[in-house]
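Here the structure comes first, spelled out in structure tokens, and everything after it is commentary.
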Amino acid sequence: MSIQAYTHPTPQKLLQKYWGYDAFRSNQAEIIQTLIEQRDALIVMPTGGGKSLCFQIPALLQPGLTIVVSPLVALMEDQVQALRSRGIAAAAVHYQMFKVDRRKALAELTTGNLQLLYVSPEMLLSPPIWERLNQPELVISSLIVDEAHCLSQWGDSFRPSYFRLGAVRSALLQTKPPGIKINLAAFTATADPDVQQVICQGLQLQDPQIFQTSPYRSNLRLSVKFVFTQYQREQQLKQFIQSQNHTSGIVYVRTRNESERLATWLGNTGFITAAYHAGLTTADRRTIEQQWLTDKLQFVICTNAFGMGVDKAAVRWIAHFHAPLELSEYLQEIGRSGRDGAMAQILLLASEPTGWLDGGDRQRWQYFAQQQQTLQARAFSLVKDLPLRGNVDELRREHPSIGLALALLQTQEKLVWHDPFEFAILGQMTKTVTCRSMPDMRDYLKAKGCRWRFLLAAFGVEQSEDWACGQCDRCSR
């Protein structure tokens, strides 16, 4: 595919033609124009804010391919299905695909007819994809990194391959004709100023335009209820669901076993629901998603595996049976309600403050902290066995967890990537990785005053001293 002069419609006309909207939301038009001009950007936009449009429309207005890096298979599949239904040439490649579907997608990539390619960071750097992307005749216009906050998280969502993405652009440009430009844009729903800096440095963004949309949603009413026993936690949940008059919602839990147990219990009491977690087959997850989207299920009881990329406008309530581990997780999950602009109720059930009568939340937080420490200790122990220079794919045979060690070194600025595969270690580690990149849920539960005000401050959005949301359980008393 060759570069040539293109005449194309305006973003406004594409918005109306393919998506049926008459106007952009806040910041969307400016973000789209920045990407059309092939400038780097960091976009912090809350869940439901319309992030995908911000890179999908530029992809239709530029010659060549837009690569979208996403860690979530469900999100990739849902967006590709929606794009194809609109007649847009898009494909996803991931390890859960049938081989015949993967071969078909790779063939489309080879012909250069795709406008958008969705891949996980691991698949992007796999030989079948990487070799095709490096073909000189394949024009690549943009590299989009979704869920970019993965660069700052150590825990169950840790993805070492994200740390290699900063070297992707320069490596691709070496295989393209002179004068070719590839811009890079990072998208995330939640990032405080420190995390924004980590993203910009980790992805090697060049003089990026930074767009930050306030996560405040005036139609989301936040409330917290403290419980003193497991029985009380269950009864509070049941009463809350009963008060929602059969409207659609989501119940979030921390473990797969708890989702199954609650689904059985609530199902036996007459609710139409199902458990959803990463332990289910892909087919079962898709079936549950469709049943919920079409209101055959009133609600799902799920781990954080549910919700990414699942777009339903009329979600009237969200209940957290367990307190999430991080504020970023909480903010993303509550953002899946009230997308139609109507009021939605948000309930968080938390162990009583002392933790003596109900220590469930404290135990889960301790377990999460231990997981982080174990992950970092394992990475630290690997570092001493690594050569000062090497190829990550070659060394993985001897050191299967090498990605952890290299990410730890990079976090401490002790490692550079010459390309996404070749690294050089610059020195010994001198400090440990900071586990927390933001205030955690304990800070939120202990804080006084407006709940929305606390959340906004945590993510770098300051309000006047007398500002109050008027919608949380504190402000509406």
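Each chain in the structure tokens gets a letter, A, B, ..., in the order shown, and its residues are numbered from 1; ligands are numbered from 1 in order too.
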
Do a neighbour search on His320 in chain A at 7 Å with only C-alpha atoms, toss out local chain neighbours closer than 5 positions, and write the hits as a ChimeraX atom specification. /A:251-253,347-349

Where does range 149-186 of chain A meet range 30-40 of chain A within 7 Å, residue by residue, with the nearest atom pair and distance in Å to one decimal for each, counting only C-alpha atoms, listed by chain and rising number, as CSV?
residue,atom,partner,partner_atom,distance
A:Ile182,CA,A:Gln38,CA,7.0
A:Asn183,CA,A:Gln38,CA,5.0
A:Leu184,CA,A:Asp40,CA,5.0
A:Ala185,CA,A:Asp40,CA,5.4

Distance table requested - range 151-243 of chain A against range 261-273 of chain A, cut-off 12 Å, only C-alpha atoms: one row per qualifying residue with the closest atom pair and its distance in Å to one decimal, ordered by chain and rising residue number, as CSV.
residue,atom,partner,partner_atom,distance
A:Arg233,CA,A:Leu262,CA,11.5
A:Glu234,CA,A:Leu262,CA,8.6
A:Gln235,CA,A:Leu266,CA,10.6
A:Leu237,CA,A:Leu266,CA,9.9
A:Lys238,CA,A:Leu266,CA,7.8
A:Gln239,CA,A:Leu266,CA,11.3
A:Ile241,CA,A:Phe271,CA,9.2
A:Gln242,CA,A:Phe271,CA,9.2

Give me, as a Markdown table, each residue of range 86-129 of chain A that comes within 10 Å of range 142-149 of chain A, together with its shortest interatomic pair and the distance in Å at one decimal, counting only C-alpha atoms, with rows ordered by chain and rising residue number.
| residue | atom | partner | partner_atom | distance |
| --- | --- | --- | --- | --- |
| A:Leu116 | CA | A:Ser142 | CA | 9.5 |
| A:Leu117 | CA | A:Leu143 | CA | 9.9 |
| A:Tyr118 | CA | A:Ile144 | CA | 9.4 |
| A:Val119 | CA | A:Val145 | CA | 10.0 |
| A:Ser120 | CA | A:Val145 | CA | 9.7 |
| A:Pro121 | CA | A:Val145 | CA | 8.9 |

Serialized selection, N, CA and C atoms, as a PDB file, in the first residue's frame:
ATOM      1  N   LEU A 116      -7.797  -0.684  11.025  1.00  0.00           N
ATOM      2  CA  LEU A 116      -7.473  -0.808  12.448  1.00  0.00           C
ATOM      3  C   LEU A 116      -7.141  -2.257  12.773  1.00  0.00           C
ATOM      4  N   LEU A 117      -6.030  -2.445  13.490  1.00  0.00           N
ATOM      5  CA  LEU A 117      -5.635  -3.766  13.973  1.00  0.00           C
ATOM      6  C   LEU A 117      -5.524  -3.722  15.487  1.00  0.00           C
ATOM      7  N   TYR A 118      -6.302  -4.557  16.170  1.00  0.00           N
ATOM      8  CA  TYR A 118      -6.278  -4.651  17.629  1.00  0.00           C
ATOM      9  C   TYR A 118      -5.423  -5.848  18.031  1.00  0.00           C
ATOM     10  N   VAL A 119      -4.447  -5.598  18.908  1.00  0.00           N
ATOM     11  CA  VAL A 119      -3.569  -6.668  19.380  1.00  0.00           C
ATOM     12  C   VAL A 119      -3.248  -6.442  20.848  1.00  0.00           C
ATOM     13  N   SER A 120      -2.939  -7.521  21.551  1.00  0.00           N
ATOM     14  CA  SER A 120      -2.398  -7.397  22.898  1.00  0.00           C
ATOM     15  C   SER A 120      -0.927  -7.028  22.785  1.00  0.00           C
ATOM     16  N   PRO A 121      -0.329  -6.481  23.846  1.00  0.00           N
ATOM     17  CA  PRO A 121       1.103  -6.137  23.753  1.00  0.00           C
ATOM     18  C   PRO A 121       1.974  -7.363  23.493  1.00  0.00           C
TER      19      PRO A 121
END
